[in-house]
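Note: the block below is query16.json and it holds JSON, C-alpha atoms.
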[["chain", "number", "residue", "atom", "x", "y", "z"],
["A", 1, "MET", "CA", -2.68, -28.64, 5.89],
["A", 2, "ASP", "CA", -5.46, -29.52, 8.34],
["A", 3, "ASN", "CA", -8.42, -27.20, 8.51],
["A", 4, "ARG", "CA", -12.05, -26.93, 9.63],
["A", 5, "VAL", "CA", -13.54, -26.20, 6.20],
["A", 6, "ARG", "CA", -15.64, -29.37, 6.05],
["A", 7, "GLU", "CA", -16.91, -29.06, 9.61],
["A", 8, "LEU", "CA", -17.93, -25.41, 9.15],
["A", 9, "ARG", "CA", -19.42, -26.04, 5.71],
["A", 10, "VAL", "CA", -21.65, -28.81, 7.06],
["A", 11, "THR", "CA", -22.66, -26.60, 10.00],
["A", 12, "ARG", "CA", -23.84, -23.94, 7.56],
["A", 13, "GLY", "CA", -25.75, -26.55, 5.55],
["A", 14, "LEU", "CA", -23.77, -26.03, 2.35],
["A", 15, "THR", "CA", -22.86, -28.73, -0.13],
["A", 16, "GLN", "CA", -19.35, -28.92, -1.56],
["A", 17, "LYS", "CA", -20.70, -27.80, -4.94],
["A", 18, "GLU", "CA", -22.45, -24.76, -3.45],
["A", 19, "LEU", "CA", -19.41, -23.59, -1.49],
["A", 20, "ALA", "CA", -17.06, -24.27, -4.42],
["A", 21, "GLU", "CA", -19.24, -22.25, -6.80],
["A", 22, "ALA", "CA", -19.54, -19.41, -4.30],
["A", 23, "VAL", "CA", -15.75, -19.25, -3.96],
["A", 24, "GLY", "CA", -15.03, -19.74, -7.68],
["A", 25, "ILE", "CA", -13.30, -23.13, -7.64],
["A", 26, "THR", "CA", -14.26, -26.66, -8.66],
["A", 27, "ARG", "CA", -15.84, -29.16, -6.31],
["A", 28, "GLN", "CA", -12.77, -31.39, -6.65],
["A", 29, "THR", "CA", -10.46, -28.59, -5.48],
["A", 30, "LEU", "CA", -12.68, -27.94, -2.47],
["A", 31, "SER", "CA", -12.65, -31.64, -1.66],
["A", 32, "LEU", "CA", -8.84, -31.66, -1.78],
["A", 33, "ILE", "CA", -8.72, -28.58, 0.48],
["A", 34, "GLU", "CA", -11.01, -30.26, 3.02],
["A", 35, "LYS", "CA", -8.82, -33.37, 3.02],
["A", 36, "GLY", "CA", -5.72, -31.24, 3.50],
["A", 37, "ALA", "CA", -4.31, -32.49, 0.19],
["A", 38, "TYR", "CA", -4.15, -29.06, -1.46],
["A", 39, "ASN", "CA", -2.89, -25.81, 0.08],
["A", 40, "PRO", "CA", -5.04, -22.92, -1.16],
["A", 41, "SER", "CA", -3.59, -19.49, -1.80],
["A", 42, "LEU", "CA", -4.18, -16.75, 0.78],
["A", 43, "ARG", "CA", -6.77, -15.17, -1.51],
["A", 44, "LEU", "CA", -8.69, -18.44, -1.74],
["A", 45, "CYS", "CA", -8.43, -18.97, 2.03],
["A", 46, "ILE", "CA", -9.95, -15.53, 2.62],
["A", 47, "GLY", "CA", -12.69, -16.25, 0.07],
["A", 48, "ILE", "CA", -13.58, -19.50, 1.84],
["A", 49, "CYS", "CA", -13.57, -17.81, 5.24],
["A", 50, "ARG", "CA", -15.87, -15.09, 3.93],
["A", 51, "GLN", "CA", -18.40, -17.66, 2.68],
["A", 52, "LEU", "CA", -18.25, -19.56, 5.98],
["A", 53, "GLY", "CA", -18.52, -16.36, 8.02],
["A", 54, "GLN", "CA", -15.30, -17.08, 9.88],
["A", 55, "THR", "CA", -11.84, -15.56, 10.31],
["A", 56, "LEU", "CA", -8.67, -17.19, 8.98],
["A", 57, "ASP", "CA", -7.78, -18.30, 12.52],
["A", 58, "GLY", "CA", -11.09, -20.05, 12.91],
["A", 59, "VAL", "CA", -10.77, -22.09, 9.72],
["A", 60, "PHE", "CA", -7.08, -22.64, 8.94],
["A", 61, "TRP", "CA", -5.09, -22.08, 12.13],
["A", 62, "GLU", "CA", -3.04, -25.05, 13.33],
["A", 63, "ASP", "CA", -2.61, -25.34, 17.09],
["A", 64, "LYS", "CA", 1.05, -26.36, 17.54],
["A", 65, "ASP", "CA", 0.39, -27.96, 20.94],
["A", 66, "GLU", "CA", -2.15, -30.36, 19.39],
["A", 67, "THR", "CA", 0.05, -31.28, 16.43],
["A", 68, "ASP", "CA", 3.21, -31.90, 18.51],
["B", 1, "MET", "CA", -13.67, -23.38, -24.35],
["B", 2, "LYS", "CA", -14.40, -22.23, -20.81],
["B", 3, "ARG", "CA", -11.99, -19.87, -19.08],
["B", 4, "ILE", "CA", -10.21, -21.59, -16.17],
["B", 5, "LYS", "CA", -10.84, -19.82, -12.87],
["B", 6, "ASP", "CA", -9.85, -22.54, -10.40],
["B", 7, "GLU", "CA", -6.27, -21.79, -9.19],
["B", 8, "ARG", "CA", -5.33, -25.47, -8.87],
["B", 9, "LEU", "CA", -6.41, -26.14, -12.46],
["B", 10, "ILE", "CA", -4.57, -23.02, -13.68],
["B", 11, "GLN", "CA", -1.37, -24.43, -12.15],
["B", 12, "ARG", "CA", -2.06, -27.84, -13.70],
["B", 13, "ASN", "CA", -2.65, -26.18, -17.08],
["B", 14, "LEU", "CA", 0.75, -24.48, -16.85],
["B", 15, "LYS", "CA", 2.37, -27.85, -16.09],
["B", 16, "ASN", "CA", 0.54, -29.29, -19.12],
["B", 17, "ILE", "CA", 1.92, -26.54, -21.36],
["B", 18, "LYS", "CA", 5.43, -27.18, -19.98],
["B", 19, "ALA", "CA", 5.11, -30.90, -20.72],
["B", 20, "ALA", "CA", 3.75, -30.23, -24.23],
["B", 21, "PHE", "CA", 6.69, -27.91, -24.96],
["B", 22, "ALA", "CA", 9.17, -30.56, -23.79],
["B", 23, "VAL", "CA", 7.51, -33.33, -25.83],
["B", 24, "GLU", "CA", 7.38, -31.15, -28.95],
["B", 25, "ASN", "CA", 11.05, -30.16, -28.73],
["B", 26, "LEU", "CA", 12.18, -33.72, -27.95],
["B", 27, "PHE", "CA", 10.28, -34.91, -31.03],
["B", 28, "ILE", "CA", 11.89, -32.23, -33.23],
["B", 29, "ALA", "CA", 15.35, -33.16, -31.88],
["B", 30, "ALA", "CA", 14.59, -36.85, -32.55],
["B", 31, "VAL", "CA", 13.54, -36.11, -36.15],
["B", 32, "LEU", "CA", 16.76, -34.12, -36.72],
["B", 33, "GLY", "CA", 18.73, -37.00, -35.21],
["B", 34, "VAL", "CA", 17.06, -39.51, -37.53],
["B", 35, "MET", "CA", 17.84, -37.28, -40.52],
["B", 36, "LEU", "CA", 21.54, -37.23, -39.55],
["B", 37, "TRP", "CA", 21.54, -40.98, -38.90],
["B", 38, "ARG", "CA", 20.04, -41.63, -42.34],
["B", 39, "GLY", "CA", 23.02, -39.89, -43.89],
["B", 40, "GLN", "CA", 21.81, -36.38, -44.67],
["B", 41, "ALA", "CA", 24.58, -33.78, -44.71],
["B", 42, "TYR", "CA", 25.32, -32.22, -41.33],
["B", 43, "ASP", "CA", 25.26, -28.71, -42.83],
["B", 44, "ASP", "CA", 21.80, -29.36, -44.26],
["B", 45, "VAL", "CA", 20.31, -30.66, -41.01],
["B", 46, "ILE", "CA", 21.98, -28.36, -38.45],
["B", 47, "SER", "CA", 21.26, -25.18, -40.32],
["B", 48, "TYR", "CA", 18.78, -22.32, -40.03],
["B", 49, "ARG", "CA", 17.63, -23.21, -43.56],
["B", 50, "GLN", "CA", 16.19, -26.37, -41.99],
["B", 51, "PRO", "CA", 12.79, -25.25, -40.61],
["B", 52, "LEU", "CA", 12.77, -27.91, -37.87],
["B", 53, "PHE", "CA", 16.16, -26.80, -36.58],
["B", 54, "ALA", "CA", 15.09, -23.15, -36.71],
["B", 55, "ALA", "CA", 11.91, -24.01, -34.73],
["B", 56, "LEU", "CA", 13.98, -25.87, -32.12],
["B", 57, "MET", "CA", 16.37, -22.93, -31.78],
["B", 58, "VAL", "CA", 13.52, -20.41, -31.44],
["B", 59, "GLY", "CA", 12.14, -22.47, -28.54],
["B", 60, "CYS", "CA", 15.56, -22.76, -26.91],
["B", 61, "TYR", "CA", 16.35, -19.05, -27.23],
["B", 62, "THR", "CA", 12.92, -18.16, -25.82],
["B", 63, "VAL", "CA", 13.50, -20.35, -22.75],
["B", 64, "LEU", "CA", 17.03, -18.93, -22.38],
["B", 65, "ILE", "CA", 15.87, -15.32, -22.38],
["B", 66, "LEU", "CA", 12.85, -15.98, -20.16],
["B", 67, "SER", "CA", 15.06, -17.83, -17.63],
["B", 68, "VAL", "CA", 16.62, -14.45, -16.87],
["B", 69, "ASN", "CA", 13.47, -13.60, -14.87],
["B", 70, "ILE", "CA", 14.21, -16.60, -12.63],
["B", 71, "SER", "CA", 17.99, -16.41, -12.26],
["B", 72, "THR", "CA", 18.14, -12.65, -11.67],
["B", 73, "PRO", "CA", 15.90, -12.56, -8.57],
["B", 74, "MET", "CA", 17.81, -15.59, -7.23],
["B", 75, "GLN", "CA", 21.09, -13.68, -7.50],
["B", 76, "ASP", "CA", 19.53, -10.89, -5.44],
["B", 77, "ALA", "CA", 22.02, -8.33, -6.80],
["B", 78, "PRO", "CA", 21.26, -4.59, -6.62],
["B", 79, "ARG", "CA", 19.80, -2.77, -9.60],
["B", 80, "GLN", "CA", 22.35, -1.37, -12.04],
["B", 81, "SER", "CA", 22.23, 2.26, -13.15],
["B", 82, "TRP", "CA", 21.32, 3.26, -16.71],
["B", 83, "ARG", "CA", 24.81, 4.72, -17.14],
["B", 84, "PHE", "CA", 26.42, 1.38, -16.24],
["B", 85, "LEU", "CA", 24.14, -0.49, -18.64],
["B", 86, "ALA", "CA", 24.89, 2.01, -21.40],
["B", 87, "ALA", "CA", 28.62, 1.61, -20.75],
["B", 88, "ILE", "CA", 28.34, -2.19, -20.93],
["B", 89, "THR", "CA", 26.37, -1.94, -24.19],
["B", 90, "ALA", "CA", 28.89, 0.50, -25.70],
["B", 91, "GLY", "CA", 31.78, -1.72, -24.62],
["B", 92, "THR", "CA", 30.06, -4.76, -26.14],
["B", 93, "TRP", "CA", 29.58, -2.84, -29.38],
["B", 94, "LEU", "CA", 33.29, -1.95, -29.53],
["B", 95, "LEU", "CA", 34.39, -5.48, -28.65],
["B", 96, "ALA", "CA", 32.00, -7.25, -31.02],
["B", 97, "GLY", "CA", 32.58, -4.77, -33.85],
["B", 98, "GLY", "CA", 36.34, -5.11, -33.37],
["B", 99, "LEU", "CA", 36.16, -8.90, -33.40],
["B", 100, "PHE", "CA", 34.07, -8.91, -36.59],
["B", 101, "PHE", "CA", 36.59, -6.47, -38.16],
["B", 102, "VAL", "CA", 39.48, -8.80, -37.34],
["B", 103, "ILE", "CA", 37.60, -11.88, -38.61],
["B", 104, "ALA", "CA", 36.71, -10.00, -41.83],
["B", 105, "GLY", "CA", 40.41, -9.37, -42.41],
["B", 106, "PHE", "CA", 40.34, -5.68, -41.53],
["B", 107, "THR", "CA", 37.86, -4.94, -44.32],
["B", 108, "HIS", "CA", 34.23, -3.71, -44.44],
["B", 109, "PRO", "CA", 34.37, -1.54, -41.29],
["B", 110, "VAL", "CA", 30.80, -0.26, -41.67],
["B", 111, "ILE", "CA", 29.29, -3.75, -41.97],
["B", 112, "CYS", "CA", 31.37, -4.89, -38.98],
["B", 113, "ALA", "CA", 30.14, -1.88, -37.00],
["B", 114, "PHE", "CA", 26.52, -2.75, -37.77],
["B", 115, "ALA", "CA", 27.10, -6.40, -36.89],
["B", 116, "GLY", "CA", 28.68, -5.32, -33.60],
["B", 117, "LEU", "CA", 25.71, -3.04, -33.00],
["B", 118, "ALA", "CA", 23.33, -5.98, -33.46],
["B", 119, "VAL", "CA", 25.26, -8.02, -30.88],
["B", 120, "ALA", "CA", 25.35, -5.03, -28.50],
["B", 121, "ALA", "CA", 21.61, -4.52, -28.92],
["B", 122, "VAL", "CA", 20.91, -8.13, -27.93],
["B", 123, "VAL", "CA", 23.30, -8.03, -24.94],
["B", 124, "GLY", "CA", 22.02, -4.61, -23.86],
["B", 125, "GLY", "CA", 18.42, -5.74, -24.24],
["B", 126, "ILE", "CA", 18.96, -8.82, -22.08],
["B", 127, "ASN", "CA", 20.79, -6.74, -19.44],
["B", 128, "CYS", "CA", 17.92, -4.24, -19.34],
["B", 129, "TYR", "CA", 15.41, -7.08, -19.05],
["B", 130, "ALA", "CA", 17.42, -8.63, -16.17],
["B", 131, "ASN", "CA", 17.76, -5.22, -14.48],
["B", 132, "HIS", "CA", 13.98, -4.92, -14.43],
["B", 133, "PHE", "CA", 13.89, -7.89, -12.00],
["B", 134, "ARG", "CA", 16.54, -6.51, -9.64],
["B", 135, "ASP", "CA", 15.62, -4.80, -6.42],
["B", 136, "ARG", "CA", 15.98, -1.01, -6.06],
["B", 137, "SER", "CA", 16.95, -1.25, -2.36]]
Could you spell out this file's structure in structure tokens?
Amino acid sequence: MDNRVRELRVTRGLTQKELAEAVGITRQTLSLIEKGAYNPSLRLCIGICRQLGQTLDGVFWEDKDETD
Amino acid sequence: MKRIKDERLIQRNLKNIKAAFAVENLFIAAVLGVMLWRGQAYDDVISYRQPLFAALMVGCYTVLILSVNISTPMQDAPRQSWRFLAAITAGTWLLAGGLFFVIAGFTHPVICAFAGLAVAAVVGGINCYANHFRDRS
């Protein structure tokens, strides 16, 4: 699942390790989420959004027009 | 040993436990197979006196009973009333007790009744457990 986690994390000046620790996951899991190779649970999505100061739409929403 | 908090690693850990259970049981089954192949008596190997066989059966029965919490929600049947469950349990007791009485040659009615009660308790217990996973609506 594509997302903007990496882009927003870099904008906030956070490393993968820092964001992963803040959310309570490993750096590897965060890396997989950023690559779209792992689908986080809703709870984890909300936790990531909270740390990035964004809503779910802003981080994880997929625009169907762009993907078609 | 650190507590796992990462959800992906928790899922992986559960898969690891599943794999370990399968490997362990396959090994036990293989050992029992080798014992039979080497000529040990069937009644000695496939018997609850054989600890390996008993361990294998305990694992199998555990999986069987726990699988009720998967199959019951899939059926999506409505919840059964306590009266219905009690009736099923009582009917099982009569049926099982009666069967034991016939097999025992119409002797030892009290022992047969207790044996039937044990069967009914297991059946009733599993039905109650399954009912817990059915929807009220």
Item checked: Option closest in space to chain A, from B:Ala86, B:Leu9, B:Ile111, B:Ala41 [counting all atoms listed in the file] -> B:Leu9
Margin query: Within 8 Å of chain B, which residues belong to chain A? Use only C-alpha atoms and report them as number ranges by chain.
Written below: A: 24-26, 29
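Excluding Gln51 (chain A) and any residue on its chain fewer than 5 positions from it, the residues at most 12 Å away by all atoms listed in the file are Val5, Leu8, Arg9, Arg12, Gly13, Leu14, Glu18, Leu19, Ala20, Glu21, Ala22, Val23, Gly24, Leu44, Cys45, Ile46, Leu56 and Val59 of chain A.
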Mind checking which residues fall within 8 Å of Glu34 (chain A), counting all atoms listed in the file, ignoring those fewer than 4 positions away in the same chain, and posting them as a compact mmCIF listing (two decimals) with C-alpha atoms, keeping the file's coordinate frame?
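Output (selection-v2.txt):
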# COMPACT_ATOMS: atom_id res chain seq x y z
CA ASP A 2 -5.46 -29.52 8.34
CA ASN A 3 -8.42 -27.20 8.51
CA ARG A 4 -12.05 -26.93 9.63
CA VAL A 5 -13.54 -26.20 6.20
CA ARG A 6 -15.64 -29.37 6.05
CA LEU A 30 -12.68 -27.94 -2.47
Check: Between CA of Val122 (chain B) and CA of Thr92 (chain B), what is the distance, to one decimal in Å?
Finding: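 Going from CA of Val122 (chain B) over to CA of Thr92 (chain B), I get 9.9 Å.
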Notebook entry, point to check: What is the distance between CA of Asp76 (chain B) and CA of Thr62 (chain B), in Å to one decimal?
Noted result: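 Distance reported for this atom pair: 22.6 Å.
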Checklist line | Among the residues B:Ala20, B:Ile103, B:Cys128, B:Leu32, the one that comes closest to Phe53 (chain B) [using all atoms listed in the file] | finding: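 For Phe53 (chain B), the nearest of the given residues is B:Leu32.
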